[in-house]
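Student: One file: query.cif (mmCIF, C-alpha atoms and all ligand atoms).
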```cif
data_input
loop_
_atom_site.label_atom_id
_atom_site.label_comp_id
_atom_site.auth_asym_id
_atom_site.auth_seq_id
_atom_site.Cartn_x
_atom_site.Cartn_y
_atom_site.Cartn_z
CA MET A 3 -20.93 -4.42 -31.63
CA TYR A 4 -19.72 -1.20 -30.04
CA GLY A 5 -22.23 0.83 -32.07
CA LYS A 6 -25.27 0.68 -29.81
CA ILE A 7 -23.55 1.09 -26.49
CA LYS A 8 -21.39 3.87 -27.94
CA GLU A 9 -24.52 5.89 -28.62
CA ASN A 10 -25.80 5.18 -25.14
CA LEU A 11 -22.52 6.27 -23.57
CA GLN A 12 -22.47 9.45 -25.63
CA GLN A 13 -25.97 10.25 -24.41
CA GLN A 14 -24.95 9.67 -20.82
CA LEU A 15 -21.93 11.92 -21.23
CA GLN A 16 -24.10 14.63 -22.77
CA GLY A 17 -26.52 14.22 -19.86
CA ILE A 18 -23.71 14.78 -17.37
CA LYS A 19 -22.68 17.92 -19.28
CA ASP A 20 -26.28 19.17 -19.50
CA ASP A 21 -26.64 18.77 -15.74
CA GLY A 22 -23.49 20.84 -15.28
CA LEU A 23 -21.79 17.92 -13.51
CA TYR A 24 -19.05 17.13 -16.02
CA LYS A 25 -15.67 17.08 -14.30
CA ASN A 26 -12.93 18.83 -16.22
CA GLU A 27 -9.47 18.01 -14.97
CA ARG A 28 -7.16 20.96 -14.58
CA VAL A 29 -3.64 20.07 -15.69
CA ILE A 30 -0.85 21.07 -13.34
CA THR A 31 2.67 21.32 -14.75
CA THR A 32 4.61 21.49 -11.48
CA PRO A 33 5.01 19.20 -8.46
CA GLN A 34 2.15 19.40 -5.96
CA GLY A 35 2.62 22.23 -3.50
CA ILE A 36 1.40 25.66 -2.50
CA GLU A 37 2.77 27.56 -5.51
CA ILE A 38 1.81 25.59 -8.59
CA GLU A 39 1.42 26.30 -12.28
CA THR A 40 -1.64 25.51 -14.35
CA ASN A 41 -2.42 26.78 -17.87
CA GLY A 42 0.75 28.84 -17.73
CA GLN A 43 -0.61 30.67 -14.68
CA GLN A 44 1.07 30.70 -11.24
CA VAL A 45 -1.53 30.08 -8.55
CA LEU A 46 -1.63 29.42 -4.83
CA ASN A 47 -3.16 26.04 -4.12
CA PHE A 48 -5.88 25.87 -1.47
CA CYS A 49 -7.62 22.69 -2.62
CA ALA A 50 -5.13 19.85 -2.05
CA ASN A 51 -5.26 17.33 0.81
CA ASN A 52 -1.65 18.34 1.43
CA TYR A 53 -2.40 19.12 5.07
CA LEU A 54 1.11 18.77 6.45
CA GLY A 55 2.79 20.11 3.32
CA LEU A 56 4.61 16.82 2.70
CA SER A 57 3.58 16.18 -0.93
CA ASN A 58 6.86 17.42 -2.31
CA HIS A 59 8.91 17.49 0.87
CA PRO A 60 12.63 16.98 0.11
CA ARG A 61 12.99 14.38 2.90
CA LEU A 62 10.24 12.23 1.41
CA VAL A 63 11.52 12.60 -2.15
CA GLN A 64 14.97 11.52 -0.95
CA ALA A 65 13.56 8.64 1.12
CA ALA A 66 11.64 7.39 -1.94
CA LYS A 67 14.84 7.47 -4.03
CA ASP A 68 16.87 5.78 -1.30
CA ALA A 69 14.29 3.01 -0.93
CA MET A 70 14.45 2.37 -4.67
CA ASP A 71 18.22 2.14 -4.43
CA THR A 72 18.07 -0.42 -1.62
CA HIS A 73 14.83 -2.28 -2.48
CA GLY A 74 14.30 -1.71 -6.20
CA PHE A 75 11.32 -0.40 -8.12
CA GLY A 76 8.56 -3.01 -8.06
CA VAL A 77 7.92 -6.29 -6.28
CA SER A 78 5.94 -8.08 -9.02
CA SER A 79 3.95 -10.00 -6.45
CA VAL A 80 1.18 -9.85 -3.93
CA ARG A 81 2.30 -9.82 -0.31
CA PHE A 82 1.75 -13.51 0.47
CA ILE A 83 3.65 -14.94 -2.50
CA CYS A 84 6.93 -13.04 -2.69
CA GLY A 85 5.92 -9.42 -2.19
CA THR A 86 6.71 -8.76 1.46
CA GLN A 87 9.94 -6.86 2.02
CA ASP A 88 11.37 -5.86 5.39
CA ILE A 89 10.33 -2.26 4.73
CA HIS A 90 6.65 -3.29 4.44
CA LYS A 91 6.86 -4.74 7.93
CA GLU A 92 8.65 -1.64 9.18
CA LEU A 93 6.01 0.72 7.78
CA GLU A 94 3.24 -1.39 9.31
CA LYS A 95 4.99 -1.24 12.67
CA ARG A 96 5.45 2.52 12.48
CA ILE A 97 1.78 3.07 11.66
CA SER A 98 0.76 0.89 14.65
CA GLU A 99 3.06 2.92 16.90
CA TYR A 100 1.69 6.21 15.61
CA PHE A 101 -1.91 5.23 16.32
CA GLY A 102 -1.18 3.15 19.41
CA THR A 103 -2.76 0.07 17.85
CA GLU A 104 -1.83 -3.62 17.91
CA ASP A 105 -1.16 -4.29 14.24
CA THR A 106 -1.46 -2.79 10.75
CA ILE A 107 -2.02 -4.09 7.22
CA LEU A 108 -1.08 -2.08 4.11
CA TYR A 109 -3.15 -1.66 0.96
CA ILE A 110 -2.46 0.14 -2.29
CA ALA A 111 -5.14 2.69 -1.36
CA ALA A 112 -7.55 3.46 1.47
CA PHE A 113 -10.27 2.71 -1.07
CA ASP A 114 -9.03 -0.89 -0.96
CA ALA A 115 -8.68 -0.87 2.81
CA ASN A 116 -12.35 0.09 3.14
CA GLY A 117 -13.37 -2.21 0.30
CA GLY A 118 -11.73 -5.20 1.95
CA VAL A 119 -12.47 -4.72 5.63
CA PHE A 120 -16.08 -5.87 6.17
CA GLU A 121 -16.51 -9.00 4.10
CA PRO A 122 -13.83 -11.06 5.89
CA ILE A 123 -15.15 -10.38 9.41
CA LEU A 124 -18.93 -10.13 9.05
CA THR A 125 -21.63 -12.40 7.61
CA GLU A 126 -25.35 -12.12 6.89
CA ASP A 127 -25.91 -12.74 10.60
CA ASP A 128 -24.22 -9.43 11.47
CA ALA A 129 -24.96 -5.72 11.13
CA ILE A 130 -23.12 -2.65 9.79
CA ILE A 131 -24.40 0.69 11.06
CA SER A 132 -23.03 3.40 8.82
CA ASP A 133 -23.11 7.23 8.90
CA ALA A 134 -25.13 8.62 5.96
CA LEU A 135 -22.21 10.81 4.85
CA ASN A 136 -19.54 8.11 4.86
CA HIS A 137 -17.03 8.01 2.01
CA ALA A 138 -17.85 6.12 -1.21
CA SER A 139 -15.23 3.48 -0.42
CA ILE A 140 -17.00 2.58 2.84
CA ILE A 141 -20.28 2.35 0.98
CA ASP A 142 -18.68 0.01 -1.56
CA GLY A 143 -17.10 -2.07 1.19
CA VAL A 144 -20.50 -2.45 2.84
CA ARG A 145 -21.99 -3.51 -0.51
CA LEU A 146 -19.41 -6.27 -0.86
CA CYS A 147 -20.38 -7.75 2.50
CA LYS A 148 -23.53 -9.74 3.25
CA ALA A 149 -24.15 -8.14 6.65
CA GLN A 150 -27.46 -6.35 7.32
CA ARG A 151 -27.21 -2.62 6.62
CA TYR A 152 -28.35 0.22 8.84
CA ARG A 153 -27.78 3.89 8.16
CA TYR A 154 -27.92 6.82 10.56
CA LYS A 155 -28.16 10.55 9.84
CA ASN A 156 -24.80 12.35 9.77
CA ALA A 157 -23.31 12.44 13.28
CA ASP A 158 -26.84 12.10 14.74
CA MET A 159 -26.47 10.15 17.97
CA ALA A 160 -30.21 9.77 18.60
CA ASP A 161 -30.60 8.15 15.20
CA LEU A 162 -27.51 6.00 15.75
CA GLU A 163 -29.06 4.77 19.00
CA GLU A 164 -32.31 3.89 17.18
CA GLN A 165 -30.39 1.93 14.58
CA LEU A 166 -28.37 0.15 17.27
CA LYS A 167 -31.61 -0.95 18.93
CA LEU A 168 -32.85 -2.38 15.65
CA ALA A 169 -29.51 -4.07 15.05
CA GLN A 170 -29.76 -6.02 18.29
CA ALA A 171 -31.47 -8.59 16.06
CA GLN A 172 -28.05 -9.50 14.64
CA ARG A 173 -25.13 -11.44 16.12
CA PHE A 174 -22.30 -8.87 15.85
CA ARG A 175 -22.61 -5.14 15.14
CA ILE A 176 -20.13 -2.55 13.86
CA ILE A 177 -20.57 1.22 13.78
CA VAL A 178 -18.67 2.84 10.90
CA THR A 179 -17.90 6.52 10.45
CA ASP A 180 -15.54 8.93 8.76
CA GLY A 181 -13.36 10.73 11.33
CA VAL A 182 -13.69 14.10 9.60
CA PHE A 183 -16.43 14.70 7.06
CA SER A 184 -14.82 16.21 4.02
CA MET A 185 -17.43 18.77 3.02
CA ASP A 186 -18.00 20.49 6.40
CA GLY A 187 -14.76 19.66 8.18
CA ASN A 188 -16.66 18.48 11.29
CA VAL A 189 -15.32 15.65 13.42
CA ALA A 190 -17.54 12.65 14.17
CA PRO A 191 -18.58 12.63 17.87
CA MET A 192 -16.38 9.63 18.60
CA ASP A 193 -16.70 9.82 22.39
CA LYS A 194 -20.47 9.44 22.14
CA ILE A 195 -20.15 6.79 19.45
CA ALA A 196 -17.80 4.81 21.68
CA GLU A 197 -20.29 5.10 24.58
CA LEU A 198 -23.17 3.89 22.45
CA ALA A 199 -21.02 1.06 21.14
CA GLU A 200 -20.39 -0.05 24.69
CA LYS A 201 -24.06 0.22 25.65
CA TYR A 202 -25.27 -1.70 22.59
CA ASP A 203 -22.38 -4.13 22.26
CA ALA A 204 -20.96 -2.95 18.95
CA LEU A 205 -17.50 -2.64 17.41
CA VAL A 206 -16.37 0.78 16.17
CA MET A 207 -14.54 1.54 12.94
CA VAL A 208 -13.36 4.99 11.91
CA ASP A 209 -11.95 6.10 8.57
CA GLU A 210 -9.23 8.60 9.43
CA CYS A 211 -8.34 9.70 5.89
CA HIS A 212 -9.09 13.39 6.57
CA SER A 213 -8.48 13.31 10.32
CA ALA A 214 -5.15 11.50 10.75
CA GLY A 215 -2.28 13.95 10.87
CA VAL A 216 -4.76 16.75 11.52
CA VAL A 217 -7.12 16.08 14.45
CA GLY A 218 -5.93 15.70 18.05
CA ASN A 219 -3.23 17.53 20.00
CA THR A 220 -0.42 15.96 17.98
CA GLY A 221 -2.47 14.98 14.94
CA ARG A 222 -2.89 11.36 15.89
CA GLY A 223 -6.53 11.42 14.93
CA VAL A 224 -9.86 11.00 16.66
CA THR A 225 -8.70 8.54 19.30
CA GLU A 226 -6.28 11.21 20.53
CA GLN A 227 -8.82 14.03 20.23
CA PHE A 228 -11.38 12.21 22.38
CA ASN A 229 -8.90 10.29 24.50
CA ILE A 230 -10.41 6.95 23.48
CA ARG A 231 -7.35 4.95 22.50
CA GLY A 232 -8.13 1.25 22.85
CA LYS A 233 -11.88 1.82 22.40
CA ILE A 234 -11.81 1.93 18.61
CA ASP A 235 -11.46 -1.50 17.04
CA ILE A 236 -10.59 -0.59 13.45
CA ILE A 237 -8.98 2.50 11.94
CA THR A 238 -8.52 2.89 8.20
CA GLY A 239 -6.41 5.62 6.66
CA THR A 240 -4.49 6.83 3.64
CA LEU A 241 -0.93 7.84 2.84
CA GLY A 242 -2.45 9.96 0.05
CA LYS A 243 -3.44 12.97 2.14
CA ALA A 244 -1.64 14.36 5.22
CA PHE A 245 0.94 11.53 5.23
CA GLY A 246 2.82 12.51 2.09
CA GLY A 247 0.15 12.46 -0.57
CA GLY A 248 1.69 9.68 -2.69
CA CYS A 249 -0.70 6.81 -2.34
CA GLY A 250 -1.35 3.83 -0.14
CA GLY A 251 -3.84 2.84 2.51
CA PHE A 252 -3.89 0.91 5.73
CA THR A 253 -6.12 -0.74 8.28
CA THR A 254 -4.87 -0.66 11.85
CA GLY A 255 -6.39 -2.00 15.06
CA ARG A 256 -7.08 -5.24 16.93
CA LYS A 257 -4.51 -7.90 16.09
CA GLU A 258 -6.95 -10.74 15.38
CA ILE A 259 -8.85 -8.53 12.93
CA ILE A 260 -5.65 -7.56 11.11
CA GLU A 261 -4.48 -11.18 11.09
CA LEU A 262 -7.74 -12.34 9.52
CA LEU A 263 -7.58 -9.54 6.93
CA ARG A 264 -4.15 -10.84 5.84
CA GLN A 265 -5.80 -14.23 5.26
CA ARG A 266 -9.07 -13.13 3.70
CA SER A 267 -9.16 -9.50 2.56
CA ARG A 268 -9.49 -9.63 -1.21
CA PRO A 269 -7.85 -6.29 -2.22
CA TYR A 270 -4.84 -7.37 -0.11
CA LEU A 271 -4.64 -10.94 -1.34
CA PHE A 272 -5.23 -10.29 -5.02
CA SER A 273 -3.54 -6.95 -5.67
CA ASN A 274 0.12 -6.04 -5.96
CA SER A 275 2.35 -5.17 -3.05
CA MET A 276 3.19 -1.53 -2.36
CA PRO A 277 6.32 -0.36 -4.29
CA ALA A 278 9.47 0.52 -2.35
CA ALA A 279 9.44 4.25 -3.15
CA ILE A 280 6.03 4.63 -1.52
CA VAL A 281 6.99 2.47 1.44
CA GLY A 282 10.29 4.29 1.99
CA ALA A 283 8.62 7.71 1.90
CA GLY A 284 5.91 6.39 4.23
CA ILE A 285 8.48 5.29 6.81
CA GLU A 286 10.17 8.69 6.59
CA THR A 287 6.81 10.43 7.09
CA PHE A 288 6.19 8.65 10.38
CA LYS A 289 9.80 9.22 11.48
CA MET A 290 9.28 12.94 10.93
CA LEU A 291 5.96 13.01 12.75
CA GLU A 292 7.31 11.02 15.71
CA SER A 293 10.27 13.35 16.14
CA SER A 294 8.45 16.69 15.96
CA ASN A 295 4.97 18.17 16.18
CA GLU A 296 6.00 21.28 14.28
CA LEU A 297 4.05 20.62 11.08
CA HIS A 298 0.85 19.82 12.93
CA ASP A 299 1.17 22.91 15.14
CA LYS A 300 1.72 25.06 12.07
CA LEU A 301 -1.36 23.58 10.41
CA MET A 302 -3.50 24.37 13.46
CA ASP A 303 -2.14 27.94 13.68
CA ASN A 304 -2.73 28.49 9.97
CA THR A 305 -6.29 27.18 10.11
CA GLN A 306 -7.20 29.33 13.12
CA TYR A 307 -5.65 32.40 11.52
CA PHE A 308 -7.48 31.82 8.25
CA VAL A 309 -10.89 31.14 9.82
CA LYS A 310 -10.68 34.19 12.09
CA ALA A 311 -9.67 36.54 9.27
CA MET A 312 -12.37 35.20 6.95
CA GLN A 313 -15.03 35.64 9.65
CA GLU A 314 -13.81 39.17 10.32
CA ALA A 315 -14.07 39.87 6.60
CA GLY A 316 -17.74 38.90 6.90
CA PHE A 317 -17.79 35.41 5.40
CA ASP A 318 -20.10 32.68 6.65
CA ILE A 319 -17.76 29.88 7.70
CA LYS A 320 -18.95 26.46 8.90
CA PRO A 321 -17.56 25.61 12.30
CA THR A 322 -14.55 23.42 11.54
CA GLN A 323 -12.53 21.08 13.73
CA SER A 324 -10.05 20.18 11.01
CA ALA A 325 -8.14 21.91 8.20
CA ILE A 326 -11.21 21.96 5.96
CA VAL A 327 -12.86 25.38 5.82
CA ALA A 328 -16.27 25.60 4.15
CA VAL A 329 -17.04 29.14 2.95
CA MET A 330 -20.82 29.05 2.65
CA LEU A 331 -22.41 30.68 -0.40
CA TYR A 332 -25.61 28.58 -0.64
CA ASP A 333 -26.07 29.31 -4.36
CA ALA A 334 -24.62 26.78 -6.83
CA LYS A 335 -23.94 29.20 -9.65
CA LEU A 336 -22.34 31.72 -7.30
CA SER A 337 -19.98 29.03 -6.00
CA GLN A 338 -18.73 28.39 -9.53
CA THR A 339 -18.46 32.08 -10.47
CA MET A 340 -16.62 32.85 -7.27
CA ALA A 341 -14.14 29.99 -7.71
CA ALA A 342 -13.44 31.14 -11.30
CA GLU A 343 -12.90 34.75 -10.17
CA LEU A 344 -10.61 33.58 -7.39
CA LEU A 345 -8.55 31.63 -9.91
CA ASN A 346 -8.16 34.84 -11.90
CA GLU A 347 -6.78 36.35 -8.69
CA GLY A 348 -4.32 33.47 -8.44
CA ILE A 349 -6.15 31.46 -5.77
CA TYR A 350 -7.05 27.89 -6.63
CA VAL A 351 -10.12 26.65 -4.75
CA ILE A 352 -13.13 24.55 -5.71
CA GLY A 353 -16.83 25.34 -5.45
CA PHE A 354 -19.08 22.44 -4.43
CA TYR A 355 -22.82 22.19 -4.95
CA PHE A 356 -25.58 19.61 -5.17
CA PRO A 357 -25.32 16.60 -5.32
CA VAL A 358 -21.89 16.71 -3.63
CA VAL A 359 -23.41 18.80 -0.83
CA PRO A 360 -27.15 19.19 0.01
CA LYS A 361 -29.32 21.52 -2.13
CA GLU A 362 -28.97 25.23 -1.24
CA GLN A 363 -25.73 24.42 0.61
CA ALA A 364 -23.24 25.38 -2.12
CA ARG A 365 -19.87 26.48 -0.86
CA ILE A 366 -16.20 26.94 -1.59
CA ARG A 367 -14.05 24.47 0.28
CA VAL A 368 -10.68 25.79 1.35
CA GLN A 369 -8.04 23.34 2.56
CA VAL A 370 -5.32 24.82 4.68
CA SER A 371 -1.80 23.37 4.73
CA ALA A 372 1.16 23.57 7.09
CA ALA A 373 3.14 24.69 4.04
CA HIS A 374 1.10 27.88 3.63
CA SER A 375 2.98 30.92 4.88
CA LYS A 376 1.20 33.89 6.47
CA GLU A 377 1.73 35.72 3.16
CA HIS A 378 -0.03 32.92 1.26
CA LEU A 379 -2.93 33.01 3.69
CA ASP A 380 -3.15 36.81 3.51
CA LYS A 381 -3.19 36.72 -0.29
CA CYS A 382 -6.01 34.22 -0.17
CA ILE A 383 -8.01 36.27 2.34
CA GLU A 384 -7.44 39.45 0.27
CA ALA A 385 -8.61 37.73 -2.91
CA PHE A 386 -11.71 36.34 -1.17
CA THR A 387 -12.50 39.80 0.20
CA LYS A 388 -12.07 41.49 -3.19
CA VAL A 389 -14.13 38.92 -5.09
CA GLY A 390 -16.66 38.58 -2.26
CA LYS A 391 -17.36 42.33 -2.35
CA LYS A 392 -17.59 42.34 -6.12
CA LEU A 393 -20.13 39.51 -6.09
CA GLY A 394 -22.10 40.92 -3.16
CA VAL A 395 -21.27 38.02 -0.82
CA ILE A 396 -19.92 40.31 1.90
C1 LIG A 401 -9.62 10.07 0.34
C2 LIG A 401 -10.44 9.14 1.13
C3 LIG A 401 -10.42 7.76 0.89
C4 LIG A 401 -9.62 7.16 -0.23
O1 LIG A 401 -8.26 7.23 0.01
P1 LIG A 401 -7.24 6.66 -1.10
O2 LIG A 401 -6.05 6.21 -0.33
O3 LIG A 401 -6.96 7.79 -2.02
O4 LIG A 401 -7.93 5.55 -1.80
C5 LIG A 401 -11.16 6.93 1.72
N1 LIG A 401 -11.93 7.44 2.72
C6 LIG A 401 -12.00 8.77 2.96
C7 LIG A 401 -12.84 9.29 4.08
C8 LIG A 401 -11.27 9.65 2.17
O5 LIG A 401 -11.36 10.97 2.39
#
```
Could you render the structure from this file as structure tokens?
Ligand SMILES: *Cc1c(COP(=O)(O)O)cnc(C)c1O

Tutor:
Amino acid sequence: MYGKIKENLQQQLQGIKDDGLYKNERVITTPQGIEIETNGQQVLNFCANNYLGLSNHPRLVQAAKDAMDTHGFGVSSVRFICGTQDIHKELEKRISEYFGTEDTILYIAAFDANGGVFEPILTEDDAIISDALNHASIIDGVRLCKAQRYRYKNADMADLEEQLKLAQAQRFRIIVTDGVFSMDGNVAPMDKIAELAEKYDALVMVDECHSAGVVGNTGRGVTEQFNIRGKIDIITGTLGKAFGGGCGGFTTGRKEIIELLRQRSRPYLFSNSMPAAIVGAGIETFKMLESSNELHDKLMDNTQYFVKAMQEAGFDIKPTQSAIVAVMLYDAKLSQTMAAELLNEGIYVIGFYFPVVPKEQARIRVQVSAAHSKEHLDKCIEAFTKVGKKLGVI
């Protein structure tokens, strides 16, 4: 039976390769960090979501081990049967405190948080108004819900207003956006979104996966940045980026929404409870972030330093409000050549081109971390300058 579909799959795979879109996974033989090893080569990593440098932080590693000692390895249950331990409740409480929200629900991943957030609270009588550049998991979540769908151009408030007018036809409305868009590093204009939501009677949801820990004076995300705490109804986020980089997602916000998600959200109800090691490290992460702003300050300093030096070297950098720095090259092939040459220089970055970014908008995306030292940043800038001159970019 496999015969016919096998051929079809092989053709599809060949098609992906022919289009130059086949993803080869680079194998890393060290823990995640700034200095990593791949293919026997030592490189400096500038492409992880390790914004606060916590991926291999000794305090989190120890907290994960300690939590396994006290709470075991797995829970062998979903939350509502016998999979809720005291540490799950503690982590949920700490996340609520961090964001200044009423309650929090944990998921195994933010992908699940976004996948399970719409369907329980909205019906075909309601409307979801979604930014065109929202993450795949939001798009999938919207697909799983029967609400009417509206889409507005990326961060375009005039278009959002148009869509909100159209959506007055429905009973309830929700505006959904990423906090930081991962290809440009721009922050969604949450103050204006909140205003429009008020004017057109809509809820607001923001996915803070790339913004939490990064954006705002102390890294507490877009509600801090725009001083709109209490005006955002739903925040989703991940423990897989700034907050330690292990895995795990959450939805935090209005208590009735969270309460209903515990009753009805399918990825929560029908998927295993988060293991103790992840929960323990998560609690430690928020303890660290509550007690000091040092990592966030370092991240901001590093990003400013890097952007300024790259601009002075002559590179075309997209204005960023996060730790994502898009070095614009415009040409797809150049982005791949440049990334390969940089790797030879010991700098690990990724070149992105269509369809991940719009046509003629190819770029190298650099992600800065609090764990980068000035020497790391200087090495990266030097390598960019050397390769950039060689390839005629600067
Ligand atoms: C990374 C990311 C996710 C998925 O997070 P996981 O916890 O890894 O599933 C969801 N939304 C956005 C905007 C992201 O950047």

Student: Just want the residues within 6 Å of ligand LIG 401 (chain A), written as number ranges by chain, counting all atoms listed in the file.

Tutor: A: 111-113, 137, 139, 180, 209, 211-212, 240, 242, 249-251

Student: Please report the interatomic distance between CA of Ala115 in chain A and CA of Arg96 in chain A in Å with one decimal.

Tutor: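 CA of Arg96 in chain A lies 17.5 Å from CA of Ala115 in chain A.
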
Student: Tell me which protein, DNA and RNA residues are within 6 Å of range 292-304 of chain A, counting only C-alpha atoms, leaving out same-chain ones fewer than 5 positions away, and put them as a list in words.

Tutor: Leu54, Ser371 and Ala372 of chain A

Student: Any chance you could export the current selection's C-alpha atoms as a CSV table (one decimal), keeping the file's coordinate frame?

Tutor:
```csv
chain,number,residue,atom,x,y,z
A,54,LEU,CA,1.1,18.8,6.4
A,371,SER,CA,-1.8,23.4,4.7
A,372,ALA,CA,1.2,23.6,7.1
```

Student: Measuring atom to atom with all atoms listed in the file, identify which of A:Met312, A:Ala385, A:Ala157, A:Val144 is nearest to Asn346 in chain A.

Tutor: A:Ala385

Student: For range 83-196 of chain A against range 315-326 of chain A, with a cut-off of 8 Å and counting all atoms listed in the file, what is the closest atom pair and its distance in Å to one decimal for every residue that makes the cut, ordered by chain and number, as JSON lines?

Tutor:
```
{"residue": "A:Val182", "atom": "CA", "partner": "A:Ser324", "partner_atom": "CA", "distance": 7.2}
{"residue": "A:Ser184", "atom": "CA", "partner": "A:Ile326", "partner_atom": "CA", "distance": 7.1}
{"residue": "A:Met185", "atom": "CA", "partner": "A:Ile326", "partner_atom": "CA", "distance": 7.6}
{"residue": "A:Asp186", "atom": "CA", "partner": "A:Lys320", "partner_atom": "CA", "distance": 6.5}
{"residue": "A:Gly187", "atom": "CA", "partner": "A:Ile326", "partner_atom": "CA", "distance": 4.8}
{"residue": "A:Asn188", "atom": "CA", "partner": "A:Thr322", "partner_atom": "CA", "distance": 5.4}
{"residue": "A:Val189", "atom": "CA", "partner": "A:Gln323", "partner_atom": "CA", "distance": 6.1}
```

Student: With only C-alpha atoms as the basis for distance, which of A:Gly282, A:Pro269, A:Pro360, A:Gly17 is at the shortest distance from Arg61 in chain A?

Tutor: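 Ranked by minimum distance to Arg61 in chain A, first place goes to A:Gly282.
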
Student: What gap, in Å, lies between CA of Phe386 in chain A and CA of Gln369 in chain A?

Tutor: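 About the pair CA of Phe386 in chain A and CA of Gln369 in chain A: they are 14.0 Å apart.
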
Student: Would you compute the distance between CA of Arg264 in chain A and CA of Thr238 in chain A? Give it in Å to one decimal.

Tutor: 14.6 Å

Student: For a quick check of understanding, using all atoms listed in the file, which of A:Leu56, A:Met330, A:Leu271, A:Val216 has the smallest distance to Phe354 in chain A?

Tutor: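 For Phe354 in chain A, the nearest of the given residues is A:Met330.
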
Student: Choose the residue, out of A:Leu198, A:Ala149, A:Ile141, A:Leu62, that has the smallest atom-to-atom separation from Leu162 in chain A; count all atoms listed in the file.

Tutor: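 Closest to Leu162 in chain A, using all atoms listed in the file: A:Leu198.
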